[in-house]
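Down below is the structure, laid out as structure tokens.
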Amino acid sequence: QLFLAESGGGLVQPGGSLRLSCAATGGSLESYAVAWFRQTPVRERERVSCVAIDTDRTFYGDSVKGRFTIFRDNDKNTVSLQMNNLKPEDTGEYYCAADPETLCASYAGKRPYEYDHWGLGIEVTVSS
């Protein structure tokens with residue numbers, strides 16, 4: 001059973017940076033597509049970014065393109081999300097999700113039901 005745990009959230013001022021990490025136990029994240037989702041009280045859970053199995057092909061939502069970077073560290077069995085130039089609208093609960101079969105593309109892997117494994121989430125607040 002794969003277990004995921006997020007870390008690295010917190011409070012940051014607009015324009016600042018945070019790095020979220022998703023650490024896995026019970027399996028190797030190399031064998032999973034991994035995504036980061038974001039949810040707020042007024043918006044449903046939406047995919048922010050994902051990284052594909054094996055190829056390291058990545059996808060970013062339009063709202064974070066050019067500011068966020070997703071990357072794997074296979075030695076640490078983690079997938080991280082580097083978030084730069086943060087904006088107040090980036091505020092939310094961030095979840096990492098993994099699935100061994102889901103694709104990572106603009107047309108696939110963007111719905112929560114496509115992922116079998118989830119972390120508990122971590123809060124990110126961007127505010128002055």
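All residue names refer to the structure tokens as shown: chains lettered A, B, ... in order, residues numbered from 1 in each chain, ligands numbered from 1 in order.
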Practice prompt. Write out as JSON, numbers by chain each polymer residue whose atoms come within 6 Å of segment 88-96 of chain A, counting only C-alpha atoms; drop sequence neighbours fewer than 3 positions from it.
Written response: {"A": [35, 36, 37, 38, 39, 40, 118, 119, 121, 122, 123, 124, 125, 126, 127]}
Extract the full set of strand (DSSP E) residues from chain A according to DSSP on the backbone, and format it as a PDB file with N, CA and C atoms, in the first residue's frame.
ATOM      1  N   PHE A   3       1.694   5.020   0.661  1.00  0.00           N
ATOM      2  CA  PHE A   3       1.287   6.119   1.514  1.00  0.00           C
ATOM      3  C   PHE A   3       2.054   7.366   1.099  1.00  0.00           C
ATOM      4  N   LEU A   4       1.332   8.489   1.057  1.00  0.00           N
ATOM      5  CA  LEU A   4       1.927   9.750   0.641  1.00  0.00           C
ATOM      6  C   LEU A   4       1.817  10.774   1.763  1.00  0.00           C
ATOM      7  N   ALA A   5       2.836  11.595   1.910  1.00  0.00           N
ATOM      8  CA  ALA A   5       2.814  12.639   2.934  1.00  0.00           C
ATOM      9  C   ALA A   5       3.409  13.915   2.369  1.00  0.00           C
ATOM     10  N   GLU A   6       2.638  14.996   2.460  1.00  0.00           N
ATOM     11  CA  GLU A   6       3.106  16.292   1.971  1.00  0.00           C
ATOM     12  C   GLU A   6       3.835  17.053   3.075  1.00  0.00           C
ATOM     13  N   SER A   7       4.775  17.891   2.660  1.00  0.00           N
ATOM     14  CA  SER A   7       5.471  18.772   3.602  1.00  0.00           C
ATOM     15  C   SER A   7       5.872  20.044   2.871  1.00  0.00           C
ATOM     16  N   GLY A  10       2.959  26.469   4.257  1.00  0.00           N
ATOM     17  CA  GLY A  10       3.067  27.535   5.242  1.00  0.00           C
ATOM     18  C   GLY A  10       2.561  28.859   4.711  1.00  0.00           C
ATOM     19  N   LEU A  11       2.954  29.903   5.416  1.00  0.00           N
ATOM     20  CA  LEU A  11       2.554  31.268   5.072  1.00  0.00           C
ATOM     21  C   LEU A  11       3.713  31.973   4.378  1.00  0.00           C
ATOM     22  N   VAL A  12       3.412  32.624   3.276  1.00  0.00           N
ATOM     23  CA  VAL A  12       4.448  33.340   2.520  1.00  0.00           C
ATOM     24  C   VAL A  12       3.833  34.607   1.944  1.00  0.00           C
ATOM     25  N   LEU A  18       7.887  28.784  -2.106  1.00  0.00           N
ATOM     26  CA  LEU A  18       7.783  27.617  -1.233  1.00  0.00           C
ATOM     27  C   LEU A  18       8.087  26.383  -2.057  1.00  0.00           C
ATOM     28  N   ARG A  19       8.581  25.357  -1.383  1.00  0.00           N
ATOM     29  CA  ARG A  19       8.759  24.072  -2.035  1.00  0.00           C
ATOM     30  C   ARG A  19       7.958  23.037  -1.261  1.00  0.00           C
ATOM     31  N   LEU A  20       6.999  22.438  -1.936  1.00  0.00           N
ATOM     32  CA  LEU A  20       6.243  21.337  -1.371  1.00  0.00           C
ATOM     33  C   LEU A  20       6.900  20.021  -1.775  1.00  0.00           C
ATOM     34  N   SER A  21       6.894  19.073  -0.863  1.00  0.00           N
ATOM     35  CA  SER A  21       7.417  17.743  -1.170  1.00  0.00           C
ATOM     36  C   SER A  21       6.377  16.690  -0.843  1.00  0.00           C
ATOM     37  N   CYS A  22       6.356  15.672  -1.657  1.00  0.00           N
ATOM     38  CA  CYS A  22       5.476  14.525  -1.462  1.00  0.00           C
ATOM     39  C   CYS A  22       6.372  13.312  -1.286  1.00  0.00           C
ATOM     40  N   ALA A  23       6.385  12.772  -0.073  1.00  0.00           N
ATOM     41  CA  ALA A  23       7.218  11.615   0.230  1.00  0.00           C
ATOM     42  C   ALA A  23       6.360  10.365   0.258  1.00  0.00           C
ATOM     43  N   ALA A  24       6.895   9.301  -0.304  1.00  0.00           N
ATOM     44  CA  ALA A  24       6.147   8.053  -0.388  1.00  0.00           C
ATOM     45  C   ALA A  24       6.788   6.961   0.440  1.00  0.00           C
ATOM     46  N   THR A  25       5.936   6.118   1.021  1.00  0.00           N
ATOM     47  CA  THR A  25       6.366   4.876   1.659  1.00  0.00           C
ATOM     48  C   THR A  25       5.475   3.762   1.139  1.00  0.00           C
ATOM     49  N   ALA A  33       2.495   7.891 -11.889  1.00  0.00           N
ATOM     50  CA  ALA A  33       2.301   9.287 -12.257  1.00  0.00           C
ATOM     51  C   ALA A  33       1.927  10.026 -10.976  1.00  0.00           C
ATOM     52  N   VAL A  34       2.477  11.207 -10.797  1.00  0.00           N
ATOM     53  CA  VAL A  34       2.236  11.974  -9.574  1.00  0.00           C
ATOM     54  C   VAL A  34       1.729  13.369  -9.945  1.00  0.00           C
ATOM     55  N   ALA A  35       0.725  13.792  -9.240  1.00  0.00           N
ATOM     56  CA  ALA A  35       0.149  15.110  -9.491  1.00  0.00           C
ATOM     57  C   ALA A  35       0.019  15.895  -8.197  1.00  0.00           C
ATOM     58  N   TRP A  36       0.007  17.189  -8.340  1.00  0.00           N
ATOM     59  CA  TRP A  36      -0.339  18.095  -7.246  1.00  0.00           C
ATOM     60  C   TRP A  36      -1.676  18.740  -7.579  1.00  0.00           C
ATOM     61  N   PHE A  37      -2.587  18.673  -6.616  1.00  0.00           N
ATOM     62  CA  PHE A  37      -3.890  19.305  -6.734  1.00  0.00           C
ATOM     63  C   PHE A  37      -4.001  20.413  -5.695  1.00  0.00           C
ATOM     64  N   ARG A  38      -4.885  21.351  -5.985  1.00  0.00           N
ATOM     65  CA  ARG A  38      -5.119  22.473  -5.067  1.00  0.00           C
ATOM     66  C   ARG A  38      -6.623  22.615  -4.875  1.00  0.00           C
ATOM     67  N   GLN A  39      -7.014  22.905  -3.631  1.00  0.00           N
ATOM     68  CA  GLN A  39      -8.434  23.063  -3.315  1.00  0.00           C
ATOM     69  C   GLN A  39      -8.618  24.236  -2.368  1.00  0.00           C
ATOM     70  N   THR A  40      -9.689  24.988  -2.581  1.00  0.00           N
ATOM     71  CA  THR A  40     -10.049  26.075  -1.682  1.00  0.00           C
ATOM     72  C   THR A  40     -11.507  25.890  -1.278  1.00  0.00           C
ATOM     73  N   ARG A  43     -13.535  26.608  -4.426  1.00  0.00           N
ATOM     74  CA  ARG A  43     -13.198  25.972  -5.703  1.00  0.00           C
ATOM     75  C   ARG A  43     -12.958  24.493  -5.495  1.00  0.00           C
ATOM     76  N   GLU A  44     -13.427  23.703  -6.422  1.00  0.00           N
ATOM     77  CA  GLU A  44     -13.223  22.262  -6.323  1.00  0.00           C
ATOM     78  C   GLU A  44     -11.748  21.944  -6.534  1.00  0.00           C
ATOM     79  N   ARG A  45     -11.384  20.737  -6.153  1.00  0.00           N
ATOM     80  CA  ARG A  45      -9.995  20.317  -6.277  1.00  0.00           C
ATOM     81  C   ARG A  45      -9.579  20.342  -7.742  1.00  0.00           C
ATOM     82  N   GLU A  46      -8.500  21.054  -8.038  1.00  0.00           N
ATOM     83  CA  GLU A  46      -8.038  21.185  -9.417  1.00  0.00           C
ATOM     84  C   GLU A  46      -6.568  20.775  -9.499  1.00  0.00           C
ATOM     85  N   ARG A  47      -6.218  20.191 -10.597  1.00  0.00           N
ATOM     86  CA  ARG A  47      -4.837  19.786 -10.808  1.00  0.00           C
ATOM     87  C   ARG A  47      -3.982  21.022 -11.116  1.00  0.00           C
ATOM     88  N   VAL A  48      -2.858  21.090 -10.444  1.00  0.00           N
ATOM     89  CA  VAL A  48      -1.905  22.178 -10.654  1.00  0.00           C
ATOM     90  C   VAL A  48      -0.791  21.733 -11.593  1.00  0.00           C
ATOM     91  N   SER A  49      -0.304  20.518 -11.363  1.00  0.00           N
ATOM     92  CA  SER A  49       0.818  20.015 -12.138  1.00  0.00           C
ATOM     93  C   SER A  49       0.878  18.503 -11.992  1.00  0.00           C
ATOM     94  N   CYS A  50       1.553  17.853 -12.937  1.00  0.00           N
ATOM     95  CA  CYS A  50       1.785  16.421 -12.818  1.00  0.00           C
ATOM     96  C   CYS A  50       3.080  16.049 -13.535  1.00  0.00           C
ATOM     97  N   VAL A  51       3.576  14.891 -13.164  1.00  0.00           N
ATOM     98  CA  VAL A  51       4.754  14.323 -13.821  1.00  0.00           C
ATOM     99  C   VAL A  51       4.428  12.884 -14.181  1.00  0.00           C
ATOM    100  N   THR A  58       6.122  16.493 -18.045  1.00  0.00           N
ATOM    101  CA  THR A  58       5.377  17.250 -17.045  1.00  0.00           C
ATOM    102  C   THR A  58       4.249  18.051 -17.677  1.00  0.00           C
ATOM    103  N   PHE A  59       3.304  18.448 -16.844  1.00  0.00           N
ATOM    104  CA  PHE A  59       2.198  19.303 -17.275  1.00  0.00           C
ATOM    105  C   PHE A  59       1.948  20.337 -16.191  1.00  0.00           C
ATOM    106  N   TYR A  60       1.576  21.549 -16.630  1.00  0.00           N
ATOM    107  CA  TYR A  60       1.256  22.618 -15.697  1.00  0.00           C
ATOM    108  C   TYR A  60      -0.039  23.301 -16.100  1.00  0.00           C
ATOM    109  N   PHE A  68       5.751  27.521 -11.402  1.00  0.00           N
ATOM    110  CA  PHE A  68       5.886  26.288 -10.642  1.00  0.00           C
ATOM    111  C   PHE A  68       6.702  25.275 -11.447  1.00  0.00           C
ATOM    112  N   THR A  69       7.450  24.445 -10.727  1.00  0.00           N
ATOM    113  CA  THR A  69       8.205  23.371 -11.350  1.00  0.00           C
ATOM    114  C   THR A  69       8.016  22.101 -10.535  1.00  0.00           C
ATOM    115  N   ILE A  70       7.657  21.023 -11.214  1.00  0.00           N
ATOM    116  CA  ILE A  70       7.505  19.723 -10.546  1.00  0.00           C
ATOM    117  C   ILE A  70       8.700  18.864 -10.936  1.00  0.00           C
ATOM    118  N   PHE A  71       9.231  18.124  -9.956  1.00  0.00           N
ATOM    119  CA  PHE A  71      10.378  17.287 -10.275  1.00  0.00           C
ATOM    120  C   PHE A  71      10.464  16.124  -9.308  1.00  0.00           C
ATOM    121  N   ARG A  72      11.083  15.071  -9.788  1.00  0.00           N
ATOM    122  CA  ARG A  72      11.277  13.855  -8.990  1.00  0.00           C
ATOM    123  C   ARG A  72      12.681  13.834  -8.372  1.00  0.00           C
ATOM    124  N   ASP A  73      12.739  13.226  -7.194  1.00  0.00           N
ATOM    125  CA  ASP A  73      14.020  12.842  -6.592  1.00  0.00           C
ATOM    126  C   ASP A  73      13.887  11.363  -6.268  1.00  0.00           C
ATOM    127  N   THR A  78      10.670  10.994  -3.620  1.00  0.00           N
ATOM    128  CA  THR A  78       9.803  12.156  -3.463  1.00  0.00           C
ATOM    129  C   THR A  78       9.494  12.793  -4.818  1.00  0.00           C
ATOM    130  N   VAL A  79       8.412  13.529  -4.847  1.00  0.00           N
ATOM    131  CA  VAL A  79       8.098  14.426  -5.955  1.00  0.00           C
ATOM    132  C   VAL A  79       7.814  15.793  -5.336  1.00  0.00           C
ATOM    133  N   SER A  80       8.516  16.796  -5.808  1.00  0.00           N
ATOM    134  CA  SER A  80       8.397  18.125  -5.209  1.00  0.00           C
ATOM    135  C   SER A  80       7.805  19.114  -6.186  1.00  0.00           C
ATOM    136  N   LEU A  81       7.252  20.175  -5.608  1.00  0.00           N
ATOM    137  CA  LEU A  81       6.677  21.258  -6.398  1.00  0.00           C
ATOM    138  C   LEU A  81       7.317  22.548  -5.926  1.00  0.00           C
ATOM    139  N   GLN A  82       8.187  23.092  -6.748  1.00  0.00           N
ATOM    140  CA  GLN A  82       8.810  24.373  -6.446  1.00  0.00           C
ATOM    141  C   GLN A  82       7.883  25.471  -6.928  1.00  0.00           C
ATOM    142  N   MET A  83       7.480  26.327  -6.009  1.00  0.00           N
ATOM    143  CA  MET A  83       6.514  27.377  -6.321  1.00  0.00           C
ATOM    144  C   MET A  83       7.174  28.739  -6.126  1.00  0.00           C
ATOM    145  N   GLY A  92      -4.369  27.831  -0.773  1.00  0.00           N
ATOM    146  CA  GLY A  92      -5.251  26.679  -0.768  1.00  0.00           C
ATOM    147  C   GLY A  92      -4.629  25.491  -0.068  1.00  0.00           C
ATOM    148  N   GLU A  93      -5.368  24.405  -0.057  1.00  0.00           N
ATOM    149  CA  GLU A  93      -4.880  23.139   0.464  1.00  0.00           C
ATOM    150  C   GLU A  93      -4.311  22.373  -0.725  1.00  0.00           C
ATOM    151  N   TYR A  94      -3.054  21.946  -0.592  1.00  0.00           N
ATOM    152  CA  TYR A  94      -2.383  21.246  -1.674  1.00  0.00           C
ATOM    153  C   TYR A  94      -2.263  19.766  -1.338  1.00  0.00           C
ATOM    154  N   TYR A  95      -2.603  18.948  -2.305  1.00  0.00           N
ATOM    155  CA  TYR A  95      -2.564  17.497  -2.143  1.00  0.00           C
ATOM    156  C   TYR A  95      -1.673  16.880  -3.212  1.00  0.00           C
ATOM    157  N   CYS A  96      -0.892  15.884  -2.828  1.00  0.00           N
ATOM    158  CA  CYS A  96      -0.228  15.085  -3.850  1.00  0.00           C
ATOM    159  C   CYS A  96      -1.025  13.799  -4.045  1.00  0.00           C
ATOM    160  N   ALA A  97      -1.000  13.337  -5.271  1.00  0.00           N
ATOM    161  CA  ALA A  97      -1.752  12.152  -5.652  1.00  0.00           C
ATOM    162  C   ALA A  97      -0.905  11.320  -6.597  1.00  0.00           C
ATOM    163  N   ALA A  98      -1.087  10.009  -6.536  1.00  0.00           N
ATOM    164  CA  ALA A  98      -0.288   9.122  -7.375  1.00  0.00           C
ATOM    165  C   ALA A  98      -1.144   7.989  -7.911  1.00  0.00           C
ATOM    166  N   ASP A  99      -0.791   7.541  -9.092  1.00  0.00           N
ATOM    167  CA  ASP A  99      -1.488   6.418  -9.687  1.00  0.00           C
ATOM    168  C   ASP A  99      -0.555   5.708 -10.660  1.00  0.00           C
ATOM    169  N   HIS A 117      -4.121   7.059  -4.921  1.00  0.00           N
ATOM    170  CA  HIS A 117      -3.392   7.302  -3.685  1.00  0.00           C
ATOM    171  C   HIS A 117      -3.280   8.805  -3.435  1.00  0.00           C
ATOM    172  N   TRP A 118      -3.557   9.188  -2.197  1.00  0.00           N
ATOM    173  CA  TRP A 118      -3.581  10.607  -1.844  1.00  0.00           C
ATOM    174  C   TRP A 118      -2.884  10.858  -0.516  1.00  0.00           C
ATOM    175  N   ILE A 122      -1.743  19.761   2.580  1.00  0.00           N
ATOM    176  CA  ILE A 122      -0.975  20.736   3.356  1.00  0.00           C
ATOM    177  C   ILE A 122      -1.402  22.137   2.936  1.00  0.00           C
ATOM    178  N   GLU A 123      -1.441  23.027   3.906  1.00  0.00           N
ATOM    179  CA  GLU A 123      -1.949  24.370   3.668  1.00  0.00           C
ATOM    180  C   GLU A 123      -0.852  25.292   3.137  1.00  0.00           C
ATOM    181  N   VAL A 124      -1.225  26.066   2.125  1.00  0.00           N
ATOM    182  CA  VAL A 124      -0.370  27.133   1.611  1.00  0.00           C
ATOM    183  C   VAL A 124      -1.179  28.421   1.656  1.00  0.00           C
ATOM    184  N   THR A 125      -0.629  29.426   2.315  1.00  0.00           N
ATOM    185  CA  THR A 125      -1.295  30.729   2.397  1.00  0.00           C
ATOM    186  C   THR A 125      -0.354  31.799   1.870  1.00  0.00           C
ATOM    187  N   VAL A 126      -0.833  32.528   0.880  1.00  0.00           N
ATOM    188  CA  VAL A 126      -0.046  33.621   0.295  1.00  0.00           C
ATOM    189  C   VAL A 126      -0.747  34.914   0.659  1.00  0.00           C
TER     190      VAL A 126
END
Worksheet entry | Glu101 of chain A environment, 9 Å, only C-alpha atoms, sequence neighbours closer than 6 positions dropped, as a PyMOL selection string | chain A and resi 31-33+53+114-115
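Going from atom CA of Asp54 of chain A over to atom CA of Gly66 of chain A, you cover 22.8 Å.
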Worksheet item: Using only C-alpha atoms, which residue out of A:Gly61, A:Asn85, A:Asn77, A:Arg67 lies closest to Gly109 of chain A?
Response: A:Gly61
Practice prompt. Give me, please, the distance in Å between atom CA of Ser128 of chain A and atom CA of Asp62 of chain A, quoted to one decimal.
Written response: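 Here the two named atoms are 23.8 Å from each other.
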Item to complete: Using only C-alpha atoms, find the one residue out of A:Leu2, A:Val42, A:Leu86, A:Leu29 that sits nearest to Gly16 of chain A.
Response: A:Leu86
Fill in: One-decimal distance in Å that lies between atom CA of Asp56 of chain A and atom CA of Tyr107 of chain A
16.8 Å
